[in-house]
file start-v3.txt (compact mmCIF, C-alpha atoms)
# COMPACT_ATOMS: atom_id res chain seq x y z
CA GLU B 23 0.00 0.00 0.00
CA ALA B 24 2.81 2.44 0.73
CA MET B 25 4.30 1.50 -2.59
CA ARG B 26 1.08 2.20 -4.39
CA ARG B 27 0.82 5.56 -2.68
CA LYS B 28 4.40 6.40 -3.61
CA THR B 29 3.74 5.38 -7.21
CA ALA B 30 0.59 7.52 -7.33
CA GLU B 31 2.51 10.51 -5.92
CA MET B 32 5.27 10.01 -8.49
CA GLU B 33 2.75 9.75 -11.31
CA ALA B 34 1.05 12.95 -10.11
CA GLU B 35 4.39 14.71 -9.89
CA LEU B 36 5.38 13.52 -13.38
CA ARG B 37 2.01 14.60 -14.75
CA THR B 38 2.44 18.04 -13.17
CA LYS B 39 5.94 18.41 -14.59
CA THR B 40 4.72 17.28 -18.00
CA GLU B 41 1.83 19.77 -17.90
CA LEU B 42 4.18 22.59 -16.88
CA ALA B 43 6.64 21.72 -19.63
CA LYS B 44 3.84 21.50 -22.18
CA THR B 45 2.37 24.88 -21.12
CA LYS B 46 5.79 26.50 -21.17
CA ALA B 47 6.52 25.14 -24.64
CA GLU B 48 3.13 26.34 -25.95
CA SER B 49 3.57 29.84 -24.52
CA GLU B 50 7.11 30.12 -25.89
CA GLY B 51 5.85 28.97 -29.30
CA ARG B 52 3.09 31.56 -29.24
CA ILE B 53 5.56 34.27 -28.28
CA ARG B 54 7.90 33.30 -31.12
CA GLN B 55 5.00 33.23 -33.57
CA GLU B 56 3.75 36.65 -32.43
CA ARG B 57 7.27 38.08 -32.74
CA ALA B 58 7.54 36.73 -36.27
CA ASN B 59 4.04 37.99 -37.11
CA HIS B 60 4.79 41.34 -35.48
CA ASP B 61 7.75 41.86 -37.74
CA LEU B 62 5.61 40.92 -40.76
CA ILE B 63 2.77 43.25 -39.67
CA MET B 64 5.16 46.14 -39.06
CA GLU B 65 6.74 45.61 -42.45
CA LYS B 66 3.28 45.58 -44.08
CA VAL B 67 2.31 48.84 -42.29
CA ARG B 68 5.57 50.47 -43.39
CA LEU B 69 5.00 49.43 -47.01
CA GLU B 70 1.41 50.71 -46.99
CA ALA B 71 2.50 54.06 -45.47
CA THR B 72 5.24 54.41 -48.08
CA GLU B 73 2.81 53.64 -50.90
CA GLN B 74 0.25 56.10 -49.59
CA ARG B 75 2.88 58.84 -49.18
CA ASP B 76 4.15 58.23 -52.71
CA THR B 77 0.59 58.34 -54.07
CA VAL B 78 -0.18 61.63 -52.30
CA LEU B 79 3.09 63.20 -53.40
CA LYS B 80 2.52 62.11 -56.99
CA ALA B 81 -1.06 63.46 -56.93
CA ILE B 82 0.19 66.80 -55.57
CA ALA B 83 2.94 66.95 -58.17
CA ASP B 84 0.50 66.09 -60.98
CA GLY B 85 -2.04 68.66 -59.75
CA GLY B 86 0.63 71.34 -59.51
CA LYS B 87 1.90 70.49 -62.95
CA ILE B 88 -1.58 70.67 -64.48
CA MET B 89 -2.37 73.93 -62.69
CA GLY B 90 0.95 75.44 -63.71
CA GLU B 91 0.47 74.48 -67.35
CA GLY B 92 -3.08 75.85 -67.32
CA ILE B 93 -2.01 79.15 -65.76
CA SER B 94 0.94 79.52 -68.12
CA HIS B 95 -1.27 78.84 -71.17
CA TYR B 96 -3.85 81.32 -69.82
CA LEU B 97 -1.23 84.03 -69.20
CA GLN B 98 0.30 83.52 -72.63
CA ASP B 99 -3.06 83.88 -74.41
CA THR B 100 -3.69 87.64 -74.72
CA THR B 101 -7.24 87.16 -76.02
CA LYS B 102 -8.28 85.33 -72.88
CA LEU B 103 -6.63 87.96 -70.67
CA ARG B 104 -8.38 90.78 -72.51
CA ASN B 105 -11.76 89.00 -72.33
CA THR B 106 -11.32 88.36 -68.60
CA ALA B 107 -10.44 92.00 -67.91
CA LEU B 108 -13.44 93.17 -69.95
CA ALA B 109 -15.78 90.75 -68.17
CA ILE B 110 -14.63 91.84 -64.70
CA THR B 111 -14.89 95.52 -65.68
CA GLY B 112 -18.36 94.94 -67.15
CA ILE B 113 -19.58 93.16 -64.02
CA ALA B 114 -18.25 95.93 -61.76
CA ALA B 115 -19.78 98.63 -63.95
CA GLY B 116 -23.10 96.76 -64.08
CA VAL B 117 -23.29 96.39 -60.31
CA TYR B 118 -22.38 100.04 -59.73
CA THR B 119 -24.82 101.25 -62.41
CA ALA B 120 -27.65 99.10 -61.09
CA ARG B 121 -27.11 100.29 -57.53
CA THR B 122 -26.96 103.95 -58.56
CA SER B 123 -29.95 103.73 -60.92
CA ILE B 124 -32.09 102.02 -58.29
CA GLY B 125 -31.27 104.84 -55.86
CA VAL B 126 -32.09 107.51 -58.47
CA ALA B 127 -35.32 105.76 -59.48
CA GLY B 128 -36.34 105.40 -55.84
CA ARG B 129 -35.79 109.12 -55.18
CA PHE B 130 -37.67 110.01 -58.38
CA VAL B 131 -40.66 107.84 -57.41
CA GLU B 132 -40.60 109.23 -53.89
CA ALA B 133 -40.54 112.81 -55.21
CA ARG B 134 -43.39 112.19 -57.68
CA LEU B 135 -45.65 109.92 -55.64
CA GLY B 136 -44.74 110.74 -52.08
CA LYS B 137 -46.44 113.62 -50.33
CA PRO B 138 -44.43 116.37 -48.66
CA SER B 139 -44.60 116.35 -44.87
CA LEU B 140 -46.68 119.53 -44.72
CA VAL B 141 -49.37 118.01 -46.94
CA ARG B 142 -49.33 114.75 -44.96
CA GLU B 143 -49.99 116.62 -41.70
CA THR B 144 -52.91 118.71 -42.98
CA SER B 145 -56.48 117.58 -43.39
CA ARG B 146 -56.46 117.67 -47.21
CA VAL B 147 -57.49 114.48 -48.91
CA ALA B 148 -55.59 113.35 -52.02
CA ALA B 149 -56.96 111.11 -54.77
CA THR B 150 -54.39 108.43 -53.90
CA GLN B 151 -55.72 108.40 -50.35
CA TRP B 152 -59.23 107.72 -51.71
CA LEU B 153 -57.87 104.80 -53.73
CA HIS B 154 -55.71 103.45 -50.91
CA SER B 155 -58.37 103.36 -48.19
CA PRO B 156 -61.78 104.61 -49.38
CA VAL B 157 -63.76 103.63 -46.28
CA THR B 158 -61.44 105.44 -43.86
CA THR B 159 -61.25 108.51 -46.10
CA LEU B 160 -65.04 108.65 -46.44
CA TYR B 161 -65.45 108.34 -42.66
CA ASN B 162 -62.92 111.13 -42.04
CA ALA B 163 -64.61 113.37 -44.61
CA ALA B 164 -68.05 112.78 -43.07
CA SER B 165 -66.80 113.50 -39.56
CA ALA B 166 -65.01 116.66 -40.74
CA PHE B 167 -68.19 117.82 -42.47
CA SER B 168 -70.25 117.23 -39.34
CA PHE B 169 -67.60 118.95 -37.21
CA SER B 170 -67.52 122.05 -39.44
CA GLY B 171 -71.17 122.70 -38.56
CA ASN B 172 -70.35 122.58 -34.86
CA ASN B 173 -67.63 125.22 -34.66
CA ASN B 174 -69.53 126.78 -31.78
CA LYS B 175 -68.21 124.07 -29.43
CA ALA B 176 -64.66 125.32 -29.92
CA LYS B 177 -65.83 128.92 -29.51
CA ASP B 178 -67.69 127.99 -26.34
CA ALA B 179 -64.40 126.95 -24.78
CA LEU B 180 -63.58 130.66 -24.30
CA GLU B 181 -67.00 131.58 -22.90
CA GLY B 182 -66.74 133.57 -19.70
CA ILE B 183 -63.10 134.51 -20.27
CA ILE B 184 -62.44 138.21 -20.84
CA LEU B 185 -59.56 138.89 -23.22
CA GLU B 186 -58.40 141.57 -25.59
CA PRO B 187 -60.20 141.20 -28.92
CA SER B 188 -57.02 140.42 -30.94
CA LEU B 189 -55.84 137.86 -28.35
CA GLU B 190 -59.32 136.33 -28.16
CA GLN B 191 -59.39 135.92 -31.96
CA ARG B 192 -55.95 134.22 -31.93
CA LEU B 193 -56.90 131.90 -29.05
CA ARG B 194 -60.14 130.95 -30.81
CA SER B 195 -58.13 130.12 -33.92
CA VAL B 196 -55.74 127.99 -31.83
CA ALA B 197 -58.66 126.24 -30.10
CA ILE B 198 -60.39 125.44 -33.40
CA SER B 199 -57.20 124.16 -35.05
CA THR B 200 -56.39 122.08 -31.94
CA ALA B 201 -59.88 120.56 -32.02
CA HIS B 202 -59.48 119.76 -35.73
CA THR B 203 -56.05 118.23 -35.09
CA LYS B 204 -57.44 116.06 -32.32
CA GLN B 205 -60.38 114.90 -34.44
CA ASN B 206 -58.18 114.07 -37.45
CA LYS B 207 -55.64 112.31 -35.22
CA ALA B 208 -52.86 114.39 -36.73
CA PRO B 209 -49.67 115.40 -34.91
CA TYR B 210 -49.92 118.61 -32.90
CA ARG B 211 -47.87 121.65 -33.93
CA HIS B 212 -45.72 123.45 -31.38
CA LEU B 213 -47.41 126.41 -29.72
CA LEU B 214 -45.67 129.16 -27.80
CA LEU B 215 -47.79 131.39 -25.57
CA HIS B 216 -46.05 134.54 -24.37
CA GLY B 217 -46.93 137.81 -22.75
CA PRO B 218 -48.84 138.69 -19.58
CA PRO B 219 -51.65 136.35 -18.51

call {"tool": "encode", "arguments": {"input": "start-v3.txt", "output": "structure tokens"}}
result
Amino acid sequence: EAMRRKTAEMEAELRTKTELAKTKAESEGRIRQERANHDLIMEKVRLEATEQRDTVLKAIADGGKIMGEGISHYLQDTTKLRNTALAITGIAAGVYTARTSIGVAGRFVEARLGKPSLVRETSRVAATQWLHSPVTTLYNAASAFSFSGNNNKAKDALEGIILEPSLEQRLRSVAISTAHTKQNKAPYRHLLLHGPP
């Protein structure tokens, strides 16, 4: 029995040594293979990088050569140079002329069709205003007509106030024009009152 145990221990020890040797040999083989493959992979990467660099350099050289030939042919052809200069000059002149003529035309239309500020602020009604907004213009005309019959309301504002006749006439005129301005929703003019109260 002791012999059997000793034999079993020896077999286990031999098996362990064999397994260790086998594992060591496999790992060393893998390492050698990876080193060999690594050298091959690095060589392949170097070759690909060299090819790509050569391709890019050749493409740049070819592009530069083609561009240089094209520019030299263009600069040697006087007809093309003259046509290019004329085209650029024509485009610049066209843009400048169009911009200037649009400004002149706009000022002309504004001068002919636009109303001066004094006319815009008064209660006169133009034909273009009738065409632009007939309902509003008709309403304003009707209210102005009805207001012109009631001028006494503006005169009544001075009732009971004793003034010099010339001052009273001027204040009545101011009161009437202020009432008209308010009714027509127009901007008020500046008014300066001076002198003794």

call {"tool": "atom_distance", "arguments": {"input": "start-v3.txt", "atom1": "atom CA of His95 of chain B", "atom2": "atom CA of Ala115 of chain B"}}
result
28.0 Å

call {"tool": "residues_around", "arguments": {"input": "start-v3.txt", "residues": "Tyr210 of chain B", "least_positions_apart": "5", "cutoff": "8 Å", "atoms": "only C-alpha atoms", "output": "NGL selection string"}}
result
:B and (200 or 203-204)

call {"tool": "atom_distance", "arguments": {"input": "start-v3.txt", "atom1": "atom CA of Tyr161 of chain B", "atom2": "atom CA of Ser195 of chain B"}}
result
24.6 Å

call {"tool": "axis_aligned_box", "arguments": {"input": "start-v3.txt", "around": "segment 72-89 of chain B", "padding_each_side": "5 Å", "output": "JSON"}}
result
{"center_x": 1.4, "center_y": 63.8, "center_z": -56.3, "size_x": 17.6, "size_y": 30.3, "size_z": 26.4}

call {"tool": "atom_distance", "arguments": {"input": "start-v3.txt", "atom1": "atom CA of Arg134 of chain B", "atom2": "atom CA of Thr150 of chain B"}}
result
12.2 Å
